[in-house]
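A.B. asks: I'm passing along start-v8.csv; it holds CSV, C-alpha atoms and all ligand atoms.
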```
chain,number,residue,atom,x,y,z
G,631,MET,CA,-18.4,-8.3,4.4
G,632,SER,CA,-17.3,-6.1,1.6
G,633,SER,CA,-14.6,-3.7,0.3
G,634,VAL,CA,-15.4,0.0,0.3
G,635,GLN,CA,-14.0,2.5,-2.2
G,636,ILE,CA,-14.1,6.2,-1.6
G,637,ARG,CA,-13.0,8.0,-4.8
G,638,ASP,CA,-12.3,11.7,-5.0
G,639,VAL,CA,-15.2,12.6,-2.8
G,640,ARG,CA,-16.0,16.2,-2.2
G,641,LYS,CA,-18.7,17.7,0.0
G,642,SER,CA,-19.9,21.3,0.3
G,643,PHE,CA,-22.5,22.8,2.6
G,644,GLY,CA,-23.6,25.8,0.6
G,645,ASN,CA,-20.4,27.6,-0.6
G,646,PHE,CA,-18.3,26.0,2.1
G,647,GLU,CA,-16.4,22.9,0.9
G,648,VAL,CA,-15.5,20.6,3.9
G,649,LEU,CA,-14.1,17.7,2.0
G,650,HIS,CA,-11.7,18.5,-0.8
G,651,GLY,CA,-11.4,15.3,-2.8
G,652,VAL,CA,-10.9,12.3,-0.5
G,653,SER,CA,-9.9,8.9,-1.7
G,654,ILE,CA,-9.7,5.9,0.6
G,655,PRO,CA,-9.5,2.3,-0.5
G,656,ILE,CA,-10.8,-0.2,2.2
G,657,GLU,CA,-10.3,-3.9,1.8
G,658,ASP,CA,-12.8,-6.5,2.7
G,659,GLY,CA,-12.5,-7.2,6.4
G,660,GLN,CA,-10.2,-4.3,7.2
G,661,PHE,CA,-10.5,-2.2,10.4
G,662,VAL,CA,-9.8,1.3,9.2
G,663,VAL,CA,-9.6,4.2,11.6
G,664,LEU,CA,-10.2,7.8,10.4
G,665,VAL,CA,-8.4,10.1,12.7
G,666,GLY,CA,-8.0,13.9,12.8
G,667,PRO,CA,-8.8,17.0,14.7
G,668,SER,CA,-12.4,18.1,15.4
G,669,GLY,CA,-14.0,19.7,12.4
G,670,CYS,CA,-11.8,18.0,9.8
G,671,GLY,CA,-14.7,16.2,8.1
G,672,LYS,CA,-14.6,12.7,9.7
G,673,SER,CA,-18.3,12.5,10.6
G,674,THR,CA,-19.4,14.1,7.3
G,675,LEU,CA,-17.5,11.3,5.5
G,676,LEU,CA,-19.0,8.6,7.7
G,677,ARG,CA,-22.5,10.0,7.2
G,678,MET,CA,-21.9,9.9,3.4
G,679,LEU,CA,-20.9,6.2,3.7
G,680,ALA,CA,-24.1,5.6,5.6
G,681,GLY,CA,-26.2,7.5,3.0
G,682,LEU,CA,-27.3,10.2,5.6
G,683,GLU,CA,-25.6,13.0,3.7
G,684,ASN,CA,-25.4,13.3,-0.1
G,685,ILE,CA,-22.1,13.5,-2.0
G,686,THR,CA,-21.3,16.7,-3.9
G,687,SER,CA,-18.9,14.9,-6.3
G,688,GLY,CA,-16.9,11.6,-6.5
G,689,THR,CA,-18.1,8.1,-5.9
G,690,ILE,CA,-18.5,5.7,-3.0
G,691,SER,CA,-18.8,2.0,-3.7
G,692,ILE,CA,-19.6,-0.9,-1.4
G,693,GLY,CA,-18.5,-4.2,-3.0
G,694,ASP,CA,-19.2,-3.8,-6.7
G,695,ARG,CA,-22.0,-1.3,-6.2
G,696,VAL,CA,-21.8,2.4,-6.5
G,697,VAL,CA,-24.0,3.6,-3.7
G,698,ASN,CA,-24.1,7.4,-4.3
G,699,ASN,CA,-27.8,7.4,-4.9
G,700,VAL,CA,-28.8,4.5,-2.7
G,701,GLN,CA,-31.0,5.2,0.3
G,702,PRO,CA,-29.6,4.4,3.8
G,703,LYS,CA,-32.1,1.6,4.4
G,704,GLU,CA,-31.0,-0.1,1.2
G,705,ARG,CA,-27.3,0.0,2.1
G,706,ASP,CA,-26.0,-3.0,4.0
G,707,ILE,CA,-24.3,-0.8,6.7
G,708,ALA,CA,-24.8,-0.4,10.4
G,709,MET,CA,-23.6,2.6,12.3
G,710,VAL,CA,-22.8,3.1,16.0
G,711,PHE,CA,-22.8,6.7,17.2
G,712,GLN,CA,-21.2,8.6,20.1
G,713,ASN,CA,-24.7,9.5,21.4
G,714,TYR,CA,-26.0,6.0,20.9
G,715,ALA,CA,-29.5,6.9,22.4
G,716,LEU,CA,-31.2,3.7,23.2
G,717,TYR,CA,-34.9,3.7,23.2
G,718,PRO,CA,-35.7,4.2,27.0
G,719,HIS,CA,-39.2,2.5,26.8
G,720,MET,CA,-37.8,-0.6,25.2
G,721,THR,CA,-36.0,-3.6,26.8
G,722,VAL,CA,-32.5,-4.5,25.7
G,723,ALA,CA,-33.9,-7.2,23.4
G,724,GLU,CA,-36.4,-4.8,21.9
G,725,ASN,CA,-33.7,-2.2,21.3
G,726,MET,CA,-31.6,-4.8,19.5
G,727,GLY,CA,-34.5,-6.1,17.4
G,728,PHE,CA,-36.1,-2.8,16.5
G,729,SER,CA,-34.1,-2.2,13.2
G,730,LEU,CA,-35.0,-5.7,12.1
G,731,LYS,CA,-38.7,-5.0,12.8
G,732,LEU,CA,-38.5,-1.8,10.7
G,733,ARG,CA,-37.2,-4.0,7.9
G,734,ASN,CA,-40.2,-6.3,8.3
G,735,ALA,CA,-38.3,-9.3,9.7
G,736,GLY,CA,-40.5,-12.0,11.3
G,737,SER,CA,-40.4,-12.5,15.1
G,738,ASP,CA,-38.7,-15.9,15.0
G,739,GLU,CA,-35.9,-14.4,12.8
G,740,ILE,CA,-35.6,-11.4,15.1
G,741,ASN,CA,-35.4,-13.6,18.3
G,742,LYS,CA,-32.7,-15.7,16.7
G,743,ARG,CA,-30.6,-12.8,15.7
G,744,VAL,CA,-31.0,-11.0,19.0
G,745,LYS,CA,-30.0,-14.1,20.9
G,746,ARG,CA,-26.9,-14.6,18.7
G,747,ALA,CA,-25.9,-10.9,19.2
G,748,ALA,CA,-26.5,-11.2,22.9
G,749,GLU,CA,-24.3,-14.2,23.1
G,750,ILE,CA,-21.5,-12.5,21.2
G,751,LEU,CA,-21.7,-9.4,23.5
G,752,ALA,CA,-22.4,-11.3,26.7
G,753,LEU,CA,-25.7,-9.5,27.0
G,754,GLY,CA,-27.8,-12.6,27.6
G,755,PRO,CA,-28.7,-12.0,31.2
G,756,LEU,CA,-29.7,-8.4,30.5
G,757,LEU,CA,-32.1,-8.9,27.6
G,758,GLU,CA,-35.2,-8.0,29.6
G,759,ARG,CA,-33.7,-4.9,31.3
G,760,TYR,CA,-34.4,-1.3,30.4
G,761,PRO,CA,-31.6,1.1,29.4
G,762,ARG,CA,-31.9,3.0,32.7
G,763,GLN,CA,-31.0,-0.3,34.5
G,764,LEU,CA,-27.6,-0.6,32.7
G,765,SER,CA,-24.1,0.7,33.2
G,766,GLY,CA,-22.4,2.9,30.6
G,767,GLY,CA,-20.4,0.0,29.3
G,768,GLN,CA,-23.5,-2.2,29.0
G,769,ARG,CA,-25.4,0.5,27.1
G,770,GLN,CA,-22.5,0.8,24.7
G,771,ARG,CA,-22.7,-3.0,24.2
G,772,VAL,CA,-26.4,-2.8,23.5
G,773,ALA,CA,-25.7,-0.1,20.9
G,774,MET,CA,-23.2,-2.5,19.3
G,775,GLY,CA,-25.8,-5.2,19.5
G,776,ARG,CA,-28.2,-3.1,17.5
G,777,ALA,CA,-25.6,-3.0,14.8
G,778,ILE,CA,-24.6,-6.7,14.9
G,779,VAL,CA,-28.2,-8.1,14.6
G,780,ARG,CA,-28.3,-6.7,11.1
G,781,ASP,CA,-25.3,-8.7,10.1
G,782,PRO,CA,-24.2,-5.9,7.9
G,783,GLN,CA,-21.4,-5.8,5.3
G,784,VAL,CA,-19.9,-2.8,6.9
G,785,PHE,CA,-19.8,-1.3,10.4
G,786,LEU,CA,-19.4,2.4,10.9
G,787,PHE,CA,-18.4,3.8,14.3
G,788,ASP,CA,-18.4,7.5,15.0
G,789,GLU,CA,-16.4,8.2,18.2
G,790,PRO,CA,-18.3,5.5,20.0
G,791,LEU,CA,-16.2,5.7,23.2
G,792,SER,CA,-15.8,9.4,23.8
G,793,ASN,CA,-18.6,9.7,26.4
G,794,LEU,CA,-17.1,6.9,28.5
G,795,ASP,CA,-14.6,7.3,31.4
G,796,ALA,CA,-11.0,6.5,30.7
G,797,LYS,CA,-11.0,3.0,32.2
G,798,LEU,CA,-14.1,1.9,30.4
G,799,ARG,CA,-12.7,3.3,27.2
G,800,VAL,CA,-9.7,1.1,27.3
G,801,ALA,CA,-11.9,-2.0,28.1
G,802,MET,CA,-14.3,-1.2,25.2
G,803,ARG,CA,-11.4,-0.8,22.7
G,804,THR,CA,-10.5,-4.4,23.5
G,805,GLU,CA,-14.1,-5.5,23.2
G,806,ILE,CA,-14.5,-3.8,19.8
G,807,LYS,CA,-11.3,-5.3,18.5
G,808,GLU,CA,-12.3,-8.8,19.7
G,809,LEU,CA,-15.7,-8.4,18.0
G,810,HIS,CA,-13.9,-7.5,14.8
G,811,GLN,CA,-11.6,-10.5,15.1
G,812,ARG,CA,-14.6,-12.7,15.5
G,813,LEU,CA,-16.9,-11.3,12.9
G,814,LYS,CA,-14.3,-9.9,10.4
G,815,THR,CA,-16.8,-7.2,9.3
G,816,THR,CA,-15.3,-4.4,7.3
G,817,THR,CA,-15.1,-1.5,9.7
G,818,VAL,CA,-14.6,2.3,9.5
G,819,TYR,CA,-14.0,3.7,12.9
G,820,VAL,CA,-13.8,7.5,13.5
G,821,THR,CA,-11.9,9.0,16.4
G,822,HIS,CA,-10.0,12.1,17.3
G,823,ASP,CA,-7.9,10.0,19.8
G,824,GLN,CA,-4.6,9.0,18.3
G,825,ILE,CA,-4.0,6.3,21.0
G,826,GLU,CA,-7.3,4.7,20.0
G,827,ALA,CA,-6.2,4.8,16.3
G,828,MET,CA,-2.8,3.4,17.0
G,829,THR,CA,-4.1,0.5,19.1
G,830,MET,CA,-7.1,-0.5,17.0
G,831,ALA,CA,-6.4,0.1,13.3
G,832,ASP,CA,-5.2,-2.2,10.6
G,833,LYS,CA,-4.9,1.0,8.6
G,834,ILE,CA,-5.0,4.6,9.8
G,835,VAL,CA,-6.2,7.5,7.7
G,836,VAL,CA,-5.0,10.8,9.0
G,837,MET,CA,-7.3,13.6,8.0
G,838,HIS,CA,-6.9,17.4,8.4
G,839,ASP,CA,-9.0,20.2,7.0
G,840,GLY,CA,-10.9,18.0,4.6
G,841,ILE,CA,-8.0,16.2,3.0
G,842,VAL,CA,-6.2,12.9,3.7
G,843,GLU,CA,-2.7,13.7,4.9
G,844,GLN,CA,-1.5,10.1,5.0
G,845,MET,CA,-2.7,6.5,5.1
G,846,GLY,CA,-0.8,3.5,6.4
G,847,THR,CA,-0.4,0.9,9.1
G,848,PRO,CA,0.1,2.3,12.6
G,849,LEU,CA,3.8,1.3,12.4
G,850,GLU,CA,4.2,3.1,9.0
G,851,LEU,CA,2.8,6.3,10.3
G,852,TYR,CA,4.8,6.1,13.4
G,853,ASP,CA,8.1,5.3,11.6
G,854,LYS,CA,7.6,7.4,8.5
G,855,PRO,CA,5.2,10.3,8.9
G,856,GLU,CA,5.1,12.1,5.5
G,857,ASN,CA,4.8,15.6,6.9
G,858,GLN,CA,4.8,17.7,10.0
G,859,PHE,CA,1.1,17.5,10.6
G,860,VAL,CA,1.2,13.7,10.7
G,861,ALA,CA,4.3,13.6,12.8
G,862,GLY,CA,2.8,16.1,15.3
G,863,PHE,CA,-0.6,14.4,15.4
G,864,ILE,CA,0.6,10.8,15.8
G,865,GLY,CA,3.4,11.8,18.1
G,866,SER,CA,1.5,13.8,20.6
G,867,PRO,CA,-0.4,12.5,23.6
G,868,ALA,CA,-4.3,12.4,23.5
G,901,LIG,P1,-15.5,16.0,12.5
G,901,LIG,O1,-16.4,14.9,12.6
G,901,LIG,O2,-14.1,15.7,11.9
G,901,LIG,O3,-15.3,16.8,13.8
G,901,LIG,P2,-17.5,17.2,10.8
G,901,LIG,O4,-17.6,16.2,9.6
G,901,LIG,O5,-18.6,17.0,11.8
G,901,LIG,O6,-16.1,17.1,11.5
G,901,LIG,O7,-17.6,18.7,10.3
G,901,LIG,C1,-16.7,19.1,9.2
G,901,LIG,C2,-17.0,20.6,8.9
G,901,LIG,O8,-18.3,20.6,8.3
G,901,LIG,C3,-17.2,21.5,10.2
G,901,LIG,O9,-16.6,22.7,9.8
G,901,LIG,C4,-18.7,21.5,10.4
G,901,LIG,O10,-19.0,22.7,11.0
G,901,LIG,C5,-19.2,21.5,9.0
G,901,LIG,N1,-20.6,20.9,8.9
G,901,LIG,C6,-20.9,19.6,9.3
G,901,LIG,N2,-22.2,19.4,9.0
G,901,LIG,C7,-22.7,20.5,8.5
G,901,LIG,C8,-24.0,20.9,8.1
G,901,LIG,N3,-25.0,20.1,8.1
G,901,LIG,N4,-24.1,22.2,7.6
G,901,LIG,C9,-23.1,23.0,7.5
G,901,LIG,N5,-21.8,22.7,7.9
G,901,LIG,C10,-21.6,21.5,8.4
G,902,MG,MG,-17.4,14.1,14.3
```
Could I get this structure in the form of structure tokens?
Ligand code: ADP
Ligand code: MG

C.D. replies:
Amino acid sequence: MSSVQIRDVRKSFGNFEVLHGVSIPIEDGQFVVLVGPSGCGKSTLLRMLAGLENITSGTISIGDRVVNNVQPKERDIAMVFQNYALYPHMTVAENMGFSLKLRNAGSDEINKRVKRAAEILALGPLLERYPRQLSGGQRQRVAMGRAIVRDPQVFLFDEPLSNLDAKLRVAMRTEIKELHQRLKTTTVYVTHDQIEAMTMADKIVVMHDGIVEQMGTPLELYDKPENQFVAGFIGSPA
């Protein structure tokens, strides 16, 4: 677990600046939801946290360490994407262990960690199945399992539920929250769904066109939106 500090971060693609100086303090163990319309820069920010995109200016720290120039593999972070693409030719257990194998973990260590993750996510009976033999919700849990086995300091989620049907989405929200309550891993969760943000977050960060419009608890944003954009966004149905 670790705090994350995002300080005055800017990002340009060529001449096009997509993040205009974003600062977000995240406490150790917090579940922070970045919410905002499509194209406002949420994924770009998350990719910078993961080290998949370089930072034009500003700093990102994880714990005491400035990570601007740290390679993704050297960051103690695990990311769950919307298109979580499991490896089709690998079993559930192999899918979950793969990132550990890439990091040269021994097979006893891999087995132990996969078993523990499977127990947390109730995937035990499915470990020898292949992805095509799983339901959508089970696949999503395997994608989370791949992140958990690493026992990272920080979890990043980029719209992990947007490909699921409405009923499953509600169930998975609860699962992800329970997972967080159990593991207490610092989490940054991106969504464009304000209901998801309101029900899951310790702290919501409302983004719009590459800036932070407001940060606060769900109740603070609901009771005291600081501007019209926040009021409109939080107040309107998904
Ligand atoms: P969100 O996740 O909030 O929908 P993104 O972070 O994906 O938004 O994108 C923010 C903006 O940056 C968009 O205008 C998008 O087109 C642009 N963008 C994202 N990645 C690239 C890239 N690799 N090259 C150029 N423009 C990009
Ligand atoms: Mg996105």

A.B. asks: Determine the nearest neighbour of ligand MG 902 (chain G) from the options G:Leu851, G:Met845, G:Val784, G:Leu675, counting only C-alpha atoms and all ligand atoms.

C.D. replies: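 Answer, going by the shortest atom-to-atom distance: G:Leu675.
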
A.B. asks: Tell me which of G:Val634, G:Ser668, G:Gly754, G:Ile656 sits closest to Val697 of chain G, counting only C-alpha atoms.

C.D. replies: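 Comparing G:Val634, G:Ser668, G:Gly754, G:Ile656 against Val697 of chain G, the winner is G:Val634.
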
A.B. asks: Please measure the separation of atom O4 of ligand LIG 901 (chain G) and atom CA of Lys641 of chain G, giving the value in Å to one decimal.

C.D. replies: 9.8 Å

A.B. asks: Would you list the residues that come within 7 Å of ligand MG 902 (chain G)? Count only C-alpha atoms and all ligand atoms and give the answer as a PyMOL selection string.

C.D. replies: chain G and resi 668-669+672-673+788

A.B. asks: How would the residues just picked look written out with C-alpha atoms as a short mmCIF file (atom, residue, chain, number, x, y, z; two decimals), in the frame of the given file?

C.D. replies:
```cif
data_model
loop_
_atom_site.label_atom_id
_atom_site.label_comp_id
_atom_site.auth_asym_id
_atom_site.auth_seq_id
_atom_site.Cartn_x
_atom_site.Cartn_y
_atom_site.Cartn_z
CA SER G 668 -12.40 18.10 15.40
CA GLY G 669 -14.00 19.70 12.40
CA LYS G 672 -14.60 12.70 9.70
CA SER G 673 -18.30 12.50 10.60
CA ASP G 788 -18.40 7.50 15.00
#
```

A.B. asks: How close does each residue of chain G get to ligand LIG 901 (chain G), giving the shortest atom pair and distance in Å to one decimal for every residue with an atom at most 10 Å away, counting only C-alpha atoms and all ligand atoms, sorted by chain and residue number, as a tab-separated table?

C.D. replies:
```
residue	atom	partner	partner_atom	distance
G:Lys641	CA	G:LIG901	O8	8.8
G:Ser642	CA	G:LIG901	N5	8.0
G:Phe643	CA	G:LIG901	C9	4.9
G:Gly644	CA	G:LIG901	C9	7.5
G:Asn645	CA	G:LIG901	C9	9.7
G:Phe646	CA	G:LIG901	N5	7.5
G:Glu647	CA	G:LIG901	O8	8.0
G:Val648	CA	G:LIG901	O8	5.2
G:Leu649	CA	G:LIG901	C1	7.8
G:Leu664	CA	G:LIG901	O2	8.9
G:Val665	CA	G:LIG901	O2	8.0
G:Gly666	CA	G:LIG901	O2	6.4
G:Pro667	CA	G:LIG901	O2	6.1
G:Ser668	CA	G:LIG901	O3	3.6
G:Gly669	CA	G:LIG901	O6	3.5
G:Cys670	CA	G:LIG901	O2	3.9
G:Gly671	CA	G:LIG901	O4	3.3
G:Lys672	CA	G:LIG901	O2	3.8
G:Ser673	CA	G:LIG901	O1	3.7
G:Thr674	CA	G:LIG901	O4	3.6
G:Leu675	CA	G:LIG901	O4	6.4
G:Leu676	CA	G:LIG901	O4	8.0
G:Arg677	CA	G:LIG901	O4	8.3
G:Met678	CA	G:LIG901	O4	9.8
G:Glu683	CA	G:LIG901	N3	8.4
G:Asp788	CA	G:LIG901	O1	8.0
G:Glu789	CA	G:LIG901	O1	8.7
G:Val820	CA	G:LIG901	O1	7.9
G:Thr821	CA	G:LIG901	O1	8.3
G:His822	CA	G:LIG901	O2	7.7
G:Met837	CA	G:LIG901	O2	8.1
G:His838	CA	G:LIG901	O2	8.2
G:Asp839	CA	G:LIG901	C1	8.1
G:Gly840	CA	G:LIG901	C1	7.5
```

A.B. asks: From the set G:Val772, G:Met720, G:Ile778, G:Ile825, which residue has the shortest atom-to-atom contact distance to Tyr852 of chain G, counting all atoms listed in the file?

C.D. replies: G:Ile825

A.B. asks: So which one's closest to Thr847 of chain G, G:Val696, G:Ile806, G:Ala831, G:Val818? Using all atoms listed in the file, please.

C.D. replies: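 The closest residue to Thr847 of chain G is G:Ala831.
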
A.B. asks: What's the separation between atom CA of Ala723 of chain G and atom CA of Tyr760 of chain G, in Å to one decimal place?

C.D. replies: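 Between these atoms lies a distance of 9.2 Å.
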